[in-house]
>>> print(open('structure_1.pdb').read())   # PDB, C-alpha atoms
MODEL        1
ATOM      1  CA  MET A   1     -11.781 -24.923 -24.468
ATOM      2  CA  ASP A   2     -12.673 -21.879 -22.390
ATOM      3  CA  LEU A   3     -13.942 -21.312 -18.859
ATOM      4  CA  THR A   4     -17.559 -20.932 -19.969
ATOM      5  CA  GLN A   5     -17.463 -24.335 -21.645
ATOM      6  CA  LEU A   6     -15.969 -25.863 -18.494
ATOM      7  CA  GLU A   7     -18.665 -24.254 -16.337
ATOM      8  CA  VAL A   8     -21.383 -25.633 -18.619
ATOM      9  CA  PHE A   9     -19.781 -29.083 -18.678
ATOM     10  CA  ARG A  10     -19.462 -29.157 -14.869
ATOM     11  CA  ALA A  11     -23.080 -28.103 -14.413
ATOM     12  CA  ILE A  12     -24.336 -30.835 -16.761
ATOM     13  CA  ALA A  13     -22.162 -33.461 -15.060
ATOM     14  CA  GLU A  14     -23.374 -32.470 -11.595
ATOM     15  CA  GLU A  15     -27.059 -31.963 -12.526
ATOM     16  CA  GLY A  16     -27.378 -34.907 -14.886
ATOM     17  CA  SER A  17     -29.354 -33.102 -17.589
ATOM     18  CA  VAL A  18     -29.195 -30.137 -19.919
ATOM     19  CA  THR A  19     -32.453 -28.706 -18.567
ATOM     20  CA  ALA A  20     -31.277 -28.766 -14.952
ATOM     21  CA  ALA A  21     -27.886 -27.302 -15.940
ATOM     22  CA  ALA A  22     -29.617 -24.508 -17.871
ATOM     23  CA  SER A  23     -31.764 -23.669 -14.844
ATOM     24  CA  ARG A  24     -28.692 -23.603 -12.584
ATOM     25  CA  LEU A  25     -26.733 -21.339 -14.947
ATOM     26  CA  HIS A  26     -29.768 -19.177 -15.845
ATOM     27  CA  ARG A  27     -29.482 -19.976 -19.541
ATOM     28  CA  VAL A  28     -31.770 -21.489 -22.119
ATOM     29  CA  PRO A  29     -31.338 -25.247 -22.733
ATOM     30  CA  SER A  30     -30.426 -24.729 -26.402
ATOM     31  CA  ASN A  31     -27.432 -22.629 -25.379
ATOM     32  CA  ILE A  32     -26.264 -25.333 -22.965
ATOM     33  CA  SER A  33     -26.630 -28.032 -25.637
ATOM     34  CA  THR A  34     -24.663 -25.942 -28.130
ATOM     35  CA  ARG A  35     -21.841 -25.331 -25.664
ATOM     36  CA  LEU A  36     -21.587 -29.025 -24.857
ATOM     37  CA  ARG A  37     -21.583 -30.019 -28.537
ATOM     38  CA  GLN A  38     -18.841 -27.481 -29.298
ATOM     39  CA  LEU A  39     -16.712 -28.806 -26.437
ATOM     40  CA  GLU A  40     -17.114 -32.421 -27.559
ATOM     41  CA  GLU A  41     -16.257 -31.463 -31.158
ATOM     42  CA  GLU A  42     -13.194 -29.555 -29.994
ATOM     43  CA  LEU A  43     -11.971 -32.526 -27.934
ATOM     44  CA  GLY A  44     -13.022 -35.081 -30.509
ATOM     45  CA  ILE A  45     -14.712 -37.351 -27.954
ATOM     46  CA  GLU A  46     -18.088 -37.871 -26.313
ATOM     47  CA  LEU A  47     -18.257 -36.634 -22.733
ATOM     48  CA  PHE A  48     -21.755 -38.041 -22.104
ATOM     49  CA  SER A  49     -23.746 -40.972 -23.388
ATOM     50  CA  ARG A  50     -27.370 -40.079 -24.181
ATOM     51  CA  GLU A  51     -30.345 -42.084 -22.869
ATOM     52  CA  LYS A  52     -33.675 -40.384 -23.569
ATOM     53  CA  LEU A  53     -33.642 -37.205 -21.453
ATOM     54  CA  ARG A  54     -30.764 -38.286 -19.218
ATOM     55  CA  LEU A  55     -27.045 -37.876 -19.790
ATOM     56  CA  HIS A  56     -24.523 -40.313 -18.351
ATOM     57  CA  ILE A  57     -20.938 -39.143 -18.031
ATOM     58  CA  THR A  58     -18.322 -41.227 -19.855
ATOM     59  CA  ASP A  59     -14.884 -42.204 -18.574
ATOM     60  CA  ALA A  60     -13.370 -39.376 -20.619
ATOM     61  CA  GLY A  61     -15.974 -37.060 -19.100
ATOM     62  CA  ARG A  62     -14.999 -38.085 -15.570
ATOM     63  CA  THR A  63     -11.361 -37.351 -16.347
ATOM     64  CA  LEU A  64     -12.240 -33.926 -17.723
ATOM     65  CA  LEU A  65     -14.558 -33.217 -14.770
ATOM     66  CA  ASP A  66     -11.684 -33.642 -12.330
ATOM     67  CA  TYR A  67      -9.601 -31.110 -14.248
ATOM     68  CA  ALA A  68     -12.556 -28.769 -14.757
ATOM     69  CA  GLN A  69     -13.312 -28.662 -11.035
ATOM     70  CA  ARG A  70      -9.697 -27.834 -10.211
ATOM     71  CA  ILE A  71      -9.369 -25.222 -12.956
ATOM     72  CA  LEU A  72     -12.594 -23.465 -11.971
ATOM     73  CA  ALA A  73     -11.646 -23.556  -8.276
ATOM     74  CA  LEU A  74      -8.257 -21.998  -9.031
ATOM     75  CA  THR A  75      -9.909 -19.386 -11.225
ATOM     76  CA  GLU A  76     -12.257 -18.397  -8.409
ATOM     77  CA  GLU A  77      -9.374 -18.330  -5.925
ATOM     78  CA  ALA A  78      -7.411 -16.046  -8.244
ATOM     79  CA  ARG A  79     -10.404 -13.750  -8.688
ATOM     80  CA  VAL A  80     -10.912 -13.439  -4.948
ATOM     81  CA  GLN A  81      -7.211 -12.832  -4.283
ATOM     82  CA  VAL A  82      -6.873 -10.184  -6.981
ATOM     83  CA  SER A  83     -10.103  -8.300  -6.244
ATOM     84  CA  SER A  84     -10.019  -8.644  -2.464
ATOM     85  CA  GLN A  85      -9.820  -5.540  -0.300
ATOM     86  CA  HIS A  86      -8.030  -7.648   2.295
ATOM     87  CA  PRO A  87      -4.233  -7.981   1.933
ATOM     88  CA  ALA A  88      -3.369 -11.455   0.678
ATOM     89  CA  GLY A  89      -1.417 -13.276  -2.012
ATOM     90  CA  VAL A  90       1.958 -12.362  -3.494
ATOM     91  CA  PHE A  91       3.538  -8.951  -2.794
ATOM     92  CA  THR A  92       6.928  -8.446  -4.464
ATOM     93  CA  LEU A  93       9.119  -5.626  -3.185
ATOM     94  CA  GLY A  94      12.388  -4.278  -4.533
ATOM     95  CA  ALA A  95      14.777  -2.100  -2.537
ATOM     96  CA  ILE A  96      18.208  -0.558  -2.716
ATOM     97  CA  GLU A  97      20.636  -2.455  -0.501
ATOM     98  CA  SER A  98      21.082   0.127   2.265
ATOM     99  CA  THR A  99      17.330   0.550   2.775
ATOM    100  CA  ALA A 100      16.791  -3.211   2.749
ATOM    101  CA  ALA A 101      19.536  -3.716   5.336
ATOM    102  CA  VAL A 102      18.749  -0.877   7.741
ATOM    103  CA  ARG A 103      15.157   0.323   7.335
ATOM    104  CA  LEU A 104      13.104  -2.647   6.183
ATOM    105  CA  PRO A 105      13.719  -5.561   8.614
ATOM    106  CA  PRO A 106      11.454  -4.226  11.419
ATOM    107  CA  LEU A 107       8.888  -2.991   8.888
ATOM    108  CA  ILE A 108       8.708  -6.336   7.087
ATOM    109  CA  ALA A 109       8.475  -8.224  10.375
ATOM    110  CA  ARG A 110       5.558  -6.049  11.482
ATOM    111  CA  TYR A 111       3.859  -6.357   8.088
ATOM    112  CA  HIS A 112       4.140 -10.145   8.185
ATOM    113  CA  GLN A 113       2.715 -10.286  11.703
ATOM    114  CA  THR A 114      -0.196  -8.029  10.725
ATOM    115  CA  TRP A 115      -0.962  -9.649   7.363
ATOM    116  CA  PRO A 116       0.208 -13.294   7.512
ATOM    117  CA  GLU A 117      -1.778 -14.173   4.382
ATOM    118  CA  VAL A 118       0.555 -12.025   2.279
ATOM    119  CA  GLU A 119       3.503 -13.814   0.673
ATOM    120  CA  LEU A 120       6.075 -11.010   0.783
ATOM    121  CA  ASP A 121       9.103 -11.387  -1.497
ATOM    122  CA  LEU A 122      12.031  -8.907  -1.242
ATOM    123  CA  SER A 123      14.791  -8.388  -3.813
ATOM    124  CA  THR A 124      17.678  -5.898  -3.639
ATOM    125  CA  GLY A 125      19.754  -4.113  -6.237
ATOM    126  CA  PRO A 126      20.816  -0.714  -7.588
ATOM    127  CA  SER A 127      18.093   1.902  -7.958
ATOM    128  CA  GLY A 128      18.197   1.722 -11.753
ATOM    129  CA  ASP A 129      17.618  -2.034 -11.733
ATOM    130  CA  MET A 130      14.773  -1.651  -9.248
ATOM    131  CA  THR A 131      13.036   0.994 -11.377
ATOM    132  CA  ASP A 132      13.460  -1.053 -14.555
ATOM    133  CA  GLY A 133      12.047  -4.090 -12.744
ATOM    134  CA  LEU A 134       9.030  -2.134 -11.527
ATOM    135  CA  LEU A 135       8.260  -0.873 -15.029
ATOM    136  CA  ALA A 136       8.658  -4.413 -16.384
ATOM    137  CA  GLY A 137       6.141  -5.780 -13.872
ATOM    138  CA  GLU A 138       8.670  -7.702 -11.767
ATOM    139  CA  PHE A 139       7.826  -5.796  -8.569
ATOM    140  CA  SER A 140       4.643  -4.582  -6.912
ATOM    141  CA  ALA A 141       6.538  -1.620  -5.421
ATOM    142  CA  ILE A 142      10.122  -0.527  -4.766
ATOM    143  CA  PHE A 143      12.067   1.458  -2.183
ATOM    144  CA  VAL A 144      14.447   3.857  -3.957
ATOM    145  CA  ASP A 145      15.669   7.407  -3.556
ATOM    146  CA  GLY A 146      13.037   9.660  -5.046
ATOM    147  CA  PRO A 147      10.852  11.220  -6.092
ATOM    148  CA  PRO A 148      10.125   9.051  -9.153
ATOM    149  CA  LYS A 149      10.912  10.695 -12.486
ATOM    150  CA  HIS A 150       9.137   8.290 -14.849
ATOM    151  CA  PRO A 151       5.607   9.439 -15.872
ATOM    152  CA  GLN A 152       4.126   5.972 -15.225
ATOM    153  CA  LEU A 153       5.280   5.912 -11.602
ATOM    154  CA  GLU A 154       4.074   7.513  -8.392
ATOM    155  CA  GLY A 155       4.913   7.118  -4.741
ATOM    156  CA  VAL A 156       5.408   8.623  -1.325
ATOM    157  CA  ALA A 157       8.476   9.705   0.673
ATOM    158  CA  VAL A 158       8.972   7.359   3.638
ATOM    159  CA  PHE A 159      12.503   7.759   5.077
ATOM    160  CA  ASN A 160      14.991  10.620   5.342
ATOM    161  CA  GLU A 161      18.540   9.721   4.375
ATOM    162  CA  GLU A 162      21.916  11.477   4.396
ATOM    163  CA  MET A 163      24.882  10.520   2.263
ATOM    164  CA  VAL A 164      28.323  11.018   3.812
ATOM    165  CA  LEU A 165      31.824  10.888   2.361
ATOM    166  CA  ILE A 166      34.020   8.349   4.119
ATOM    167  CA  SER A 167      37.803   8.260   4.224
ATOM    168  CA  SER A 168      40.529   6.531   6.211
ATOM    169  CA  LEU A 169      41.085   7.841   9.745
ATOM    170  CA  ASN A 170      44.361   9.580   8.826
ATOM    171  CA  HIS A 171      42.858  11.428   5.847
ATOM    172  CA  PRO A 172      42.579  15.245   6.164
ATOM    173  CA  PRO A 173      39.067  16.685   6.560
ATOM    174  CA  VAL A 174      37.155  17.071   3.286
ATOM    175  CA  ALA A 175      35.052  20.185   2.737
ATOM    176  CA  SER A 176      34.698  20.134  -1.048
ATOM    177  CA  ALA A 177      35.195  17.868  -4.037
ATOM    178  CA  ARG A 178      38.092  20.020  -5.267
ATOM    179  CA  GLU A 179      40.127  18.871  -2.284
ATOM    180  CA  ILE A 180      39.967  15.257  -3.428
ATOM    181  CA  SER A 181      39.886  15.756  -7.210
ATOM    182  CA  GLY A 182      41.678  12.866  -8.881
ATOM    183  CA  SER A 183      41.312  10.571  -5.861
ATOM    184  CA  THR A 184      40.375   6.921  -6.174
ATOM    185  CA  ILE A 185      36.753   6.270  -5.240
ATOM    186  CA  TYR A 186      34.653   3.185  -4.627
ATOM    187  CA  ALA A 187      31.049   2.942  -5.798
ATOM    188  CA  PHE A 188      28.383   0.620  -7.119
ATOM    189  CA  ARG A 189      27.644   0.189 -10.826
ATOM    190  CA  ALA A 190      26.721   3.130 -13.051
ATOM    191  CA  ASN A 191      22.967   2.522 -12.670
ATOM    192  CA  CYS A 192      23.194   3.361  -8.941
ATOM    193  CA  SER A 193      21.707   6.754  -8.074
ATOM    194  CA  TYR A 194      24.155   7.183  -5.184
ATOM    195  CA  ARG A 195      27.046   6.886  -7.628
ATOM    196  CA  ARG A 196      25.433   9.518  -9.845
ATOM    197  CA  LEU A 197      25.093  11.796  -6.809
ATOM    198  CA  PHE A 198      28.804  11.285  -6.066
ATOM    199  CA  GLU A 199      29.780  12.140  -9.653
ATOM    200  CA  ASN A 200      27.461  15.190  -9.654
ATOM    201  CA  TRP A 201      29.091  16.398  -6.433
ATOM    202  CA  PHE A 202      32.478  16.368  -8.174
ATOM    203  CA  ALA A 203      31.069  18.064 -11.273
ATOM    204  CA  ARG A 204      29.460  20.861  -9.243
ATOM    205  CA  ASP A 205      32.884  21.784  -7.855
ATOM    206  CA  ASN A 206      34.525  21.539 -11.300
ATOM    207  CA  ALA A 207      36.422  18.515 -10.065
ATOM    208  CA  SER A 208      36.528  14.893 -11.135
ATOM    209  CA  PRO A 209      37.340  11.588  -9.455
ATOM    210  CA  GLY A 210      40.297   9.496 -10.419
ATOM    211  CA  LYS A 211      39.945   5.743 -10.816
ATOM    212  CA  ILE A 212      36.451   4.443  -9.988
ATOM    213  CA  PHE A 213      36.398   0.909  -8.619
ATOM    214  CA  GLU A 214      32.993  -0.762  -8.854
ATOM    215  CA  MET A 215      32.082  -2.811  -5.782
ATOM    216  CA  GLU A 216      29.199  -5.162  -4.984
ATOM    217  CA  SER A 217      28.692  -4.448  -1.271
ATOM    218  CA  TYR A 218      29.018  -1.724   1.337
ATOM    219  CA  HIS A 219      31.150  -4.016   3.472
ATOM    220  CA  GLY A 220      33.662  -4.332   0.645
ATOM    221  CA  ILE A 221      33.642  -0.570   0.146
ATOM    222  CA  LEU A 222      34.192   0.055   3.867
ATOM    223  CA  ALA A 223      37.127  -2.382   3.981
ATOM    224  CA  CYS A 224      38.884  -0.670   1.070
ATOM    225  CA  VAL A 225      38.317   2.836   2.410
ATOM    226  CA  SER A 226      39.453   1.968   5.949
ATOM    227  CA  ALA A 227      42.662   0.554   4.463
ATOM    228  CA  GLY A 228      43.384   3.952   2.881
ATOM    229  CA  ALA A 229      42.829   2.781  -0.684
ATOM    230  CA  GLY A 230      40.319   5.511  -1.598
ATOM    231  CA  LEU A 231      37.097   7.259  -0.662
ATOM    232  CA  ALA A 232      33.390   6.510  -0.988
ATOM    233  CA  LEU A 233      29.924   7.980  -0.531
ATOM    234  CA  ILE A 234      27.497   5.882   1.517
ATOM    235  CA  PRO A 235      24.253   6.390   3.486
ATOM    236  CA  LYS A 236      24.910   7.543   7.032
ATOM    237  CA  SER A 237      22.348   5.070   8.400
ATOM    238  CA  MET A 238      24.179   2.214   6.651
ATOM    239  CA  LEU A 239      27.536   3.303   8.063
ATOM    240  CA  GLU A 240      26.134   3.529  11.592
ATOM    241  CA  SER A 241      24.871  -0.059  11.354
ATOM    242  CA  MET A 242      28.175  -1.572  10.216
ATOM    243  CA  PRO A 243      30.720  -3.203  12.571
ATOM    244  CA  GLY A 244      33.643  -1.306  10.990
ATOM    245  CA  ARG A 245      32.124   2.161  11.300
ATOM    246  CA  ASP A 246      34.873   3.330  13.709
ATOM    247  CA  SER A 247      37.593   2.487  11.179
ATOM    248  CA  VAL A 248      36.721   5.443   8.906
ATOM    249  CA  SER A 249      36.018   9.169   9.137
ATOM    250  CA  ALA A 250      32.753  10.561   7.783
ATOM    251  CA  TRP A 251      32.245  13.999   6.250
ATOM    252  CA  PRO A 252      28.900  15.587   5.281
ATOM    253  CA  LEU A 253      28.476  17.118   1.824
ATOM    254  CA  ALA A 254      28.265  20.909   1.807
ATOM    255  CA  ASP A 255      24.980  22.779   1.217
ATOM    256  CA  GLY A 256      22.883  19.753   2.131
ATOM    257  CA  MET A 257      23.678  18.024  -1.151
ATOM    258  CA  GLY A 258      23.829  14.676   0.632
ATOM    259  CA  GLU A 259      20.321  14.965   2.084
ATOM    260  CA  LEU A 260      17.661  12.973   0.262
ATOM    261  CA  ALA A 261      14.509  10.911   0.800
ATOM    262  CA  ILE A 262      13.751   7.241   0.264
ATOM    263  CA  TRP A 263      10.437   6.739  -1.503
ATOM    264  CA  LEU A 264       8.074   3.819  -1.813
ATOM    265  CA  VAL A 265       7.243   3.831  -5.534
ATOM    266  CA  TRP A 266       4.667   1.927  -7.588
ATOM    267  CA  ARG A 267       3.061   2.026 -11.027
ATOM    268  CA  LYS A 268       0.207   4.511 -11.392
ATOM    269  CA  GLY A 269      -3.101   2.758 -10.890
ATOM    270  CA  GLY A 270      -1.442  -0.152  -9.102
ATOM    271  CA  GLY A 271      -2.927   0.468  -5.658
ATOM    272  CA  SER A 272      -3.557  -3.094  -4.466
ATOM    273  CA  ALA A 273      -4.754  -3.963  -0.968
ATOM    274  CA  ASN A 274      -1.218  -5.179  -0.181
ATOM    275  CA  LEU A 275       0.286  -1.852  -1.231
ATOM    276  CA  ARG A 276      -2.307   0.203   0.648
ATOM    277  CA  ALA A 277      -1.546  -1.786   3.804
ATOM    278  CA  MET A 278       2.177  -1.078   3.397
ATOM    279  CA  VAL A 279       1.598   2.658   2.866
ATOM    280  CA  LYS A 280      -0.680   2.831   5.907
ATOM    281  CA  MET A 281       1.915   1.060   8.032
ATOM    282  CA  LEU A 282       4.656   3.439   6.901
ATOM    283  CA  GLU A 283       2.448   6.432   7.685
ATOM    284  CA  ALA A 284       1.922   5.073  11.206
ATOM    285  CA  VAL A 285       5.686   4.677  11.697
ATOM    286  CA  GLN A 286       6.276   8.296  10.650
ATOM    287  CA  GLU A 287       3.693   9.739  13.089
TER     288      GLU A 287
ENDMDL
END
>>> encode(input="structure_1.pdb", output="structure tokens")
Amino acid sequence: MDLTQLEVFRAIAEEGSVTAAASRLHRVPSNISTRLRQLEEELGIELFSREKLRLHITDAGRTLLDYAQRILALTEEARVQVSSQHPAGVFTLGAIESTAAVRLPPLIARYHQTWPEVELDLSTGPSGDMTDGLLAGEFSAIFVDGPPKHPQLEGVAVFNEEMVLISSLNHPPVASAREISGSTIYAFRANCSYRRLFENWFARDNASPGKIFEMESYHGILACVSAGAGLALIPKSMLESMPGRDSVSAWPLADGMGELAIWLVWRKGGGSANLRAMVKMLEAVQE
């Protein structure tokens, strides 16, 4: 049972004859009759009783007509939503935690006010998980540090970010990774790009961290660092938004190594009306 069969069946039920249904659907009557016969054979039941040139819908036909009307209405709604140039429907975003916490709340609020017909869904996680989710079709777009490296992805830089090393207040100033080689550090899981940046910073100075404790939140990281239990690398904007920011010291990475950009990334060819509206809004914020 396909959509064409349902369209033919609905037309016959509403018009009351094959000839009238054929005229409505711009088909020849023989084609309409064939489609109806195939549908009845597939279902194993008569949908109409025949009386000369008139067709009278059966009880089974009435039941099917109710479903057919709903299915065809939903199909048309889906077509309009998907092909519309007006933002609407579901828009799934992924974002790394710091961007979601600091950068996105005012943007999402403005987007919702501008395009209330869009059902915006936001998920957070490490950059690696976000990229994997985008490639798997779980997200419409993601906010991660960029630019994207996968050949199927494209995007645009939207926010400037700076990563800073944080330590307890009584810790000596830190100018290079060699000065803290062997120190305990706190970071997210291995698929976090910020953790990779931290490890690369050590490697560039021919140094290496000591024990790496994996944490699930910046607040947990800040609490451990402020207690003198180790060091961490976090976005400066995230630190400035946290209540405990005065309980730690922050040190920039030399040679601008901590400077990066947050990108809005999507699959190539995936430029929906929802995405275009988001890009346009971000461009307006940057002006």
>>> resolve_selection(input="structure_1.pdb", expression="the PyMOL selection byres ((chain A and resi 25-35) around 12)", output="PyMOL selection string")
chain A and resi 1-12+15+17-24+36-42+48+55
>>> resolve_selection(input="structure_1.pdb", expression="the PyMOL selection byres ((chain A and resi 180) around 10)", output="PDB file with C-alpha atoms, keeping the file's coordinate frame")
ATOM      1  CA  PRO A 172      42.579  15.245   6.164  1.00  0.00           C
ATOM      2  CA  VAL A 174      37.155  17.071   3.286  1.00  0.00           C
ATOM      3  CA  ALA A 175      35.052  20.185   2.737  1.00  0.00           C
ATOM      4  CA  SER A 176      34.698  20.134  -1.048  1.00  0.00           C
ATOM      5  CA  ALA A 177      35.195  17.868  -4.037  1.00  0.00           C
ATOM      6  CA  ARG A 178      38.092  20.020  -5.267  1.00  0.00           C
ATOM      7  CA  GLU A 179      40.127  18.871  -2.284  1.00  0.00           C
ATOM      8  CA  SER A 181      39.886  15.756  -7.210  1.00  0.00           C
ATOM      9  CA  GLY A 182      41.678  12.866  -8.881  1.00  0.00           C
ATOM     10  CA  SER A 183      41.312  10.571  -5.861  1.00  0.00           C
ATOM     11  CA  THR A 184      40.375   6.921  -6.174  1.00  0.00           C
ATOM     12  CA  ILE A 185      36.753   6.270  -5.240  1.00  0.00           C
ATOM     13  CA  PHE A 202      32.478  16.368  -8.174  1.00  0.00           C
ATOM     14  CA  ALA A 207      36.422  18.515 -10.065  1.00  0.00           C
ATOM     15  CA  SER A 208      36.528  14.893 -11.135  1.00  0.00           C
ATOM     16  CA  PRO A 209      37.340  11.588  -9.455  1.00  0.00           C
ATOM     17  CA  GLY A 210      40.297   9.496 -10.419  1.00  0.00           C
ATOM     18  CA  GLY A 230      40.319   5.511  -1.598  1.00  0.00           C
ATOM     19  CA  LEU A 231      37.097   7.259  -0.662  1.00  0.00           C
TER      20      LEU A 231
END
>>> residues_around(input="structure_1.pdb", residues="segment 93-95 of chain A", least_positions_apart="4", cutoff="9 Å", atoms="only C-alpha atoms", output="PyMOL selection string")
chain A and resi 99-100+104+120-127+130-131+133-134+138-144+264
>>> closest_residue(input="structure_1.pdb", among="A:Ile57, A:Val265, A:Leu43, A:Ala187", to="Glu214 of chain A", atoms="all atoms listed in the file")
A:Ala187
>>> atom_distance(input="structure_1.pdb", atom1="atom CA of Gln85 of chain A", atom2="atom CA of Ala273 of chain A")
5.3 Å
>>> atom_distance(input="structure_1.pdb", atom1="atom CA of Tyr186 of chain A", atom2="atom CA of Cys224 of chain A")
8.1 Å
>>> closest_residue(input="structure_1.pdb", among="A:Gly271, A:Pro116, A:Pro147, A:Gly244", to="Gly89 of chain A", atoms="all atoms listed in the file")
A:Pro116
>>> atom_distance(input="structure_1.pdb", atom1="atom CA of Val164 of chain A", atom2="atom CA of Trp251 of chain A")
5.5 Å
>>> axis_aligned_box(input="structure_1.pdb", around="segment 220-235 of chain A", padding_each_side="8 Å", output="lines of an AutoDock Vina configuration file")
center_x = 33.8
center_y = 1.8
center_z = 2.2
size_x = 35.1
size_y = 28.3
size_z = 23.5
>>> resolve_selection(input="structure_1.pdb", expression="the PyMOL selection byres ((chain A and resi 240-243) around 9)", output="list in words")
Ala101, Val102, Tyr218, His219, Leu222, Pro235, Lys236, Ser237, Met238, Leu239, Gly244, Arg245 and Asp246 of chain A
>>> residues_around(input="structure_1.pdb", residues="Leu165 of chain A", least_positions_apart="4", cutoff="7 Å", atoms="all atoms listed in the file", output="ChimeraX atom specification")
/A:232-234,250-252
>>> residues_near_point(input="structure_1.pdb", point="(-5.4, -0.6, -7.3)", cutoff="12 Å", atoms="only C-alpha atoms", output="VMD selection string")
chain A and resid 82 to 85 87 140 266 to 277
>>> write_last_selection(input="structure_1.pdb", atoms="C-alpha atoms", output="CSV table (one decimal), keeping the file's coordinate frame")
chain,number,residue,atom,x,y,z
A,82,VAL,CA,-6.9,-10.2,-7.0
A,83,SER,CA,-10.1,-8.3,-6.2
A,84,SER,CA,-10.0,-8.6,-2.5
A,85,GLN,CA,-9.8,-5.5,-0.3
A,87,PRO,CA,-4.2,-8.0,1.9
A,140,SER,CA,4.6,-4.6,-6.9
A,266,TRP,CA,4.7,1.9,-7.6
A,267,ARG,CA,3.1,2.0,-11.0
A,268,LYS,CA,0.2,4.5,-11.4
A,269,GLY,CA,-3.1,2.8,-10.9
A,270,GLY,CA,-1.4,-0.2,-9.1
A,271,GLY,CA,-2.9,0.5,-5.7
A,272,SER,CA,-3.6,-3.1,-4.5
A,273,ALA,CA,-4.8,-4.0,-1.0
A,274,ASN,CA,-1.2,-5.2,-0.2
A,275,LEU,CA,0.3,-1.9,-1.2
A,276,ARG,CA,-2.3,0.2,0.6
A,277,ALA,CA,-1.5,-1.8,3.8
